[in-house]
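Participant: The structure follows.
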Amino acid sequence: MKMIKISVAAAAVVSLLVSSAFADDTQPKRVLKNNMQEVYKTLPASVDNIGDAFTEGVFYGRLRTNAFRWDWKNDQVNDDNKAFGVGGSMIYKTAPLHGLSATAGLCYANNPFSSLREDDADVGDVKSGKDTFSRYNVKTSGDWSMAVLAQAYIQYDVSKTSFKVGRQIFESFLTKSNDTKMIPNTFEGYTVTINEIPKTTIRGAYFDSQKLRDHTTFHDVLTFKDSSGESWNNNDDAAVHKGLNYTNLSAHGKEENELVVVDLKNKSIDNLVVDVTYGSVPGLLSSLTGELNYKIKLGDKFSLTPGVRHMQQFDNGAGKIGGASLSGGLAMDKNPTTNLGYKDRFDLDSSLTMARLVLTDGVLKVQVAYSAVADEADIVAPWRGFPTGGYTRAMAQYNWRADTKTTSAEVYYDFGKAKILDGFSALARYAIQDFDEDKQAGGVQADSNILHIDLRKQFTPTFDAKIRMAFVDADERVSDGIDKDSYNEYRFELNYLF
């Protein structure tokens, strides 16, 4: 196992961020949740003329750096890899004028230190750190920087309803910013949020393009590869369905697609939260997901919340094109001699069910969870929402392949709220992943156990550091008796908001 190394140049960048952060102890205009989602604390106040709409607008700045190290157990099969990114973002929101406002967000990332990255020819080896740069840009031009207008939308608010048009973040069960690297995952299209009904939120979204975190241009929401066959210039998410590629989809006139999301959250019954989400790529596939969480008070401090979630996936034409496996080995352009462990080669109907128990007192949180995918088809969700997220998913894991069962337990403790160590929190998660060995020929990994640890320190209201580690112990593959899936991963992150 190799040690993580940080160069003198990288240390200088870290030192600058730290010194700047400690110099600023003001209350933040926005804060970051543990999953790096942004929560705005200060928004521009409404104005009554167009001049003030711009002069009374608010800028939101962010400096950030991320370092990654991926250490495979079997160096004879896989190559260890590293990545580093430094950059930030500047977001501007105009003041609302008669309910009308605008937001623009420019993001930038770079790795100027060759010692902290792979060679240009080896960018395909990079795992979790790949989102600190664009693999396509490095491959085609040797450019390790990214600059993109990730957000650019017009917003109109009337009564308790909000409309947005343009490039935007949309946090939902299926779609998330997943902003844990350098640049968020965003979408282009139309959204509406309706809060007219008491204790109920209804939202709708229609997106005609997506920009994954390691892209500088917007691309299709589903199609893998572009017209030239380039894998990194369209939807190349780690969870993308590779059988739904440009060649196969264009043969059916479906190389350009839209994503529709409609969800509802209701809290009408005391202590009960009901969530329903419908998602669709019209003409190809859709899903309907329901979730219930009921909070039971246990004395003055603790509460116990049982939760259940069920996702039903419907094949509306994608199965006969891409096949049941995300790897693409059962697609229409392949000639497999078997179904690679899947029951029906051309059927994407499937389902995913999970349950959890959450015990918390606001300082300590303990959770146990279980999830199971039907032995039918893989779940298709390349929009960074993670179908098992919040239940059994551990860092960098994709446990929604067909017939996968996962059991997990996690403990979170806020040392700051406990008045032990100000601003410090820790999380430990252990997951047992039982994949279907018969589907390894279809790209499914071996069974594995993963220990995932997060350590976060909030030095000031505007500056924090985070260390993340994962230790994966996997079985050998059944076909050749070789361990191809065990590894250790290390991440270090700094964020400064201004």
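A note on labels: chains of the structure tokens are A, B, ... as shown, every chain counts residues from 1, and ligands are counted from 1 in their shown order.
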Name the residues of stretch 286-479 of chain A that come out as strand (DSSP E) in a backbone DSSP run; write them as a PyMOL selection string.
Facilitator: chain A and resi 286-294+296-298+302-315+350-360+364-373+405-414+424-434+448-460+463-474
Participant: Compile a residue-level contact table for stretch 346-431 of chain A against stretch 253-276 of chain A at a cut-off of 12 Å, reporting for every qualifying residue the shortest atom pair and its distance in Å to one decimal, with only C-alpha atoms counted, rows ordered by chain and ascending number, as JSON lines.
Facilitator:
```
{"residue": "A:Ala381", "atom": "CA", "partner": "A:Leu259", "partner_atom": "CA", "distance": 10.9}
{"residue": "A:Pro382", "atom": "CA", "partner": "A:Leu259", "partner_atom": "CA", "distance": 11.0}
{"residue": "A:Trp383", "atom": "CA", "partner": "A:Leu259", "partner_atom": "CA", "distance": 9.7}
{"residue": "A:Gly385", "atom": "CA", "partner": "A:Val261", "partner_atom": "CA", "distance": 11.9}
```
Participant: Take the residues from that selection and write them out as an mmCIF file, in the first residue's frame, keeping N, CA, C and O atoms.
Facilitator:
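Ended up saving to selection.cif:
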```cif
data_model
loop_
_atom_site.group_PDB
_atom_site.id
_atom_site.type_symbol
_atom_site.label_atom_id
_atom_site.label_comp_id
_atom_site.auth_asym_id
_atom_site.auth_seq_id
_atom_site.Cartn_x
_atom_site.Cartn_y
_atom_site.Cartn_z
ATOM 1 N N ALA A 381 -30.255 4.666 -13.528
ATOM 2 C CA ALA A 381 -30.365 5.962 -12.843
ATOM 3 C C ALA A 381 -29.044 6.714 -12.918
ATOM 4 O O ALA A 381 -28.364 6.902 -11.905
ATOM 5 N N PRO A 382 -28.656 7.213 -14.103
ATOM 6 C CA PRO A 382 -27.362 7.896 -14.253
ATOM 7 C C PRO A 382 -27.423 9.400 -14.004
ATOM 8 O O PRO A 382 -26.788 10.183 -14.711
ATOM 9 N N TRP A 383 -28.179 9.808 -12.969
ATOM 10 C CA TRP A 383 -28.387 11.236 -12.730
ATOM 11 C C TRP A 383 -27.906 11.656 -11.346
ATOM 12 O O TRP A 383 -28.300 12.704 -10.841
ATOM 13 N N GLY A 385 -28.548 10.592 -8.402
ATOM 14 C CA GLY A 385 -29.464 10.557 -7.277
ATOM 15 C C GLY A 385 -29.246 9.361 -6.362
ATOM 16 O O GLY A 385 -29.582 9.408 -5.195
#
```
Participant: Which one is closest to A:Met332: A:Ser425, A:Asn248, A:Ser227, A:Thr406? Count only C-alpha atoms.
Facilitator: A:Asn248
Participant: If we count only C-alpha atoms, what is near A:Leu32 at a cut-off of 10 Å, once residues fewer than 5 positions away on the same chain are taken out, given as a VMD selection string?
Facilitator: chain A and resid 37 to 40 461 to 464 495 497
Participant: Give me, as a PDB file with N, CA and C atoms, in the first residue's frame, all polymer residues having an atom no more than 10 Å from A:Phe54, counting only C-alpha atoms and skipping those fewer than 5 positions away in the same chain.
Facilitator:
```pdb
ATOM      1  N   PRO A  44     -31.164  37.752  -1.683  1.00  0.00           N
ATOM      2  CA  PRO A  44     -31.448  39.164  -1.950  1.00  0.00           C
ATOM      3  C   PRO A  44     -32.899  39.513  -1.612  1.00  0.00           C
ATOM      4  N   VAL A  47     -36.948  44.191  -4.620  1.00  0.00           N
ATOM      5  CA  VAL A  47     -36.774  45.608  -4.944  1.00  0.00           C
ATOM      6  C   VAL A  47     -37.912  46.047  -5.867  1.00  0.00           C
ATOM      7  N   ASN A  49     -37.335  48.431  -8.617  1.00  0.00           N
ATOM      8  CA  ASN A  49     -36.899  48.957  -9.915  1.00  0.00           C
ATOM      9  C   ASN A  49     -35.755  48.102 -10.438  1.00  0.00           C
ATOM     10  N   TYR A  92     -23.988  34.497  -8.714  1.00  0.00           N
ATOM     11  CA  TYR A  92     -24.615  35.799  -8.525  1.00  0.00           C
ATOM     12  C   TYR A  92     -26.119  35.651  -8.655  1.00  0.00           C
ATOM     13  N   LYS A  93     -26.848  36.193  -7.680  1.00  0.00           N
ATOM     14  CA  LYS A  93     -28.304  36.200  -7.707  1.00  0.00           C
ATOM     15  C   LYS A  93     -28.793  37.643  -7.710  1.00  0.00           C
ATOM     16  N   THR A  94     -29.613  37.999  -8.683  1.00  0.00           N
ATOM     17  CA  THR A  94     -30.189  39.335  -8.685  1.00  0.00           C
ATOM     18  C   THR A  94     -31.280  39.417  -7.612  1.00  0.00           C
ATOM     19  N   ALA A  95     -31.598  40.635  -7.210  1.00  0.00           N
ATOM     20  CA  ALA A  95     -32.721  40.843  -6.292  1.00  0.00           C
ATOM     21  C   ALA A  95     -34.034  40.658  -7.060  1.00  0.00           C
ATOM     22  N   PRO A  96     -35.041  40.030  -6.455  1.00  0.00           N
ATOM     23  CA  PRO A  96     -36.318  39.834  -7.150  1.00  0.00           C
ATOM     24  C   PRO A  96     -37.018  41.161  -7.443  1.00  0.00           C
ATOM     25  N   LEU A  97     -37.503  41.287  -8.648  1.00  0.00           N
ATOM     26  CA  LEU A  97     -38.276  42.443  -9.075  1.00  0.00           C
ATOM     27  C   LEU A  97     -39.639  41.945  -9.534  1.00  0.00           C
ATOM     28  N   SER A 101     -36.349  37.067 -10.997  1.00  0.00           N
ATOM     29  CA  SER A 101     -34.937  37.163 -10.649  1.00  0.00           C
ATOM     30  C   SER A 101     -34.125  36.245 -11.552  1.00  0.00           C
ATOM     31  N   ALA A 102     -32.810  36.331 -11.418  1.00  0.00           N
ATOM     32  CA  ALA A 102     -31.926  35.507 -12.239  1.00  0.00           C
ATOM     33  C   ALA A 102     -30.731  35.060 -11.411  1.00  0.00           C
TER      34      ALA A 102
END
```
Participant: So, with only C-alpha atoms as the atoms that count, which of A:Gly61, A:Glu230, A:Arg401, A:Thr191 lies closest to A:Asn137?
Facilitator: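 Smallest distance to A:Asn137 is found for A:Glu230.
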Participant: Using only C-alpha atoms for the distances, tell me which of A:Pro387, A:Gly229, A:Gly99, A:Gly105 is nearest to A:Phe163.
Facilitator: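 Of all the options, A:Gly99 lies closest to A:Phe163.
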Participant: Choose the residue, out of A:Lys33, A:Lys242, A:Lys466, A:Arg167, that has the smallest atom-to-atom separation from A:Thr217; count only C-alpha atoms.
Facilitator: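 Going through A:Lys33, A:Lys242, A:Lys466, A:Arg167 one by one, the smallest distance to A:Thr217 is for A:Arg167.
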Participant: Near A:Gly317, within 8 Å and counting only C-alpha atoms, which residues show up once chain neighbours fewer than 6 positions away are dropped, as a ChimeraX atom specification?
Facilitator: /A:283-285
Participant: Would you mind telling me which residue in A:Arg69, A:Arg62, A:Lys484, A:Lys139 lies nearest to A:Gly87 when using only C-alpha atoms?
Facilitator: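 Between A:Arg69, A:Arg62, A:Lys484, A:Lys139, the residue approaching A:Gly87 most closely is A:Arg62.
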Participant: Which residue out of A:Ser371, A:Thr392, A:Asn74, A:Ser327 has the minimum interatomic distance to A:Ala238 when only C-alpha atoms are used?
Facilitator: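 Closest residue, counting only C-alpha atoms: A:Ser327.
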Participant: Skip A:Gly442 itself and residues of its chain fewer than 4 positions away, then list as an mmCIF file with C-alpha atoms, in the first residue's frame all residues within 7 Å of it, counting only C-alpha atoms.
Facilitator:
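Here's the written file out.cif:
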```
data_model
loop_
_atom_site.group_PDB
_atom_site.id
_atom_site.type_symbol
_atom_site.label_atom_id
_atom_site.label_comp_id
_atom_site.auth_asym_id
_atom_site.auth_seq_id
_atom_site.Cartn_x
_atom_site.Cartn_y
_atom_site.Cartn_z
ATOM 1 C CA SER A 325 -27.575 -5.247 -17.974
ATOM 2 C CA SER A 327 -22.749 -3.148 -18.856
ATOM 3 C CA GLY A 329 -23.394 -6.951 -22.887
ATOM 4 C CA LEU A 340 -25.051 -13.426 -18.687
#
```
Participant: Just give me the gap between atom CA of A:Phe498 and atom CA of A:Ala152 in Å, one decimal is fine.
Facilitator: 20.0 Å
Participant: Please list as a ChimeraX atom specification every residue within 8 Å of A:Asp179, counting only C-alpha atoms and excluding residues in the same chain fewer than 5 positions away.
Facilitator: /A:35-37,184-185,213
Participant: Can you pull out every residue from stretch 185-363 of chain A that DSSP, working from the backbone, puts in helix (DSSP H, G or I), and format the result as a PDB file with C-alpha atoms, in the first residue's frame?
Facilitator:
```pdb
ATOM      1  CA  TYR A 246     -25.641   6.469 -29.570  1.00  0.00           C
ATOM      2  CA  THR A 247     -25.487   3.773 -32.254  1.00  0.00           C
ATOM      3  CA  ASN A 248     -28.225   1.626 -30.744  1.00  0.00           C
ATOM      4  CA  LEU A 249     -30.496   4.519 -29.813  1.00  0.00           C
ATOM      5  CA  SER A 250     -30.103   6.343 -33.127  1.00  0.00           C
ATOM      6  CA  GLY A 319     -34.921  -3.071 -22.942  1.00  0.00           C
ATOM      7  CA  LYS A 320     -35.083  -4.226 -26.562  1.00  0.00           C
ATOM      8  CA  ILE A 321     -32.363  -1.681 -27.382  1.00  0.00           C
ATOM      9  CA  GLY A 322     -29.921  -1.844 -24.482  1.00  0.00           C
TER      10      GLY A 322
END
```
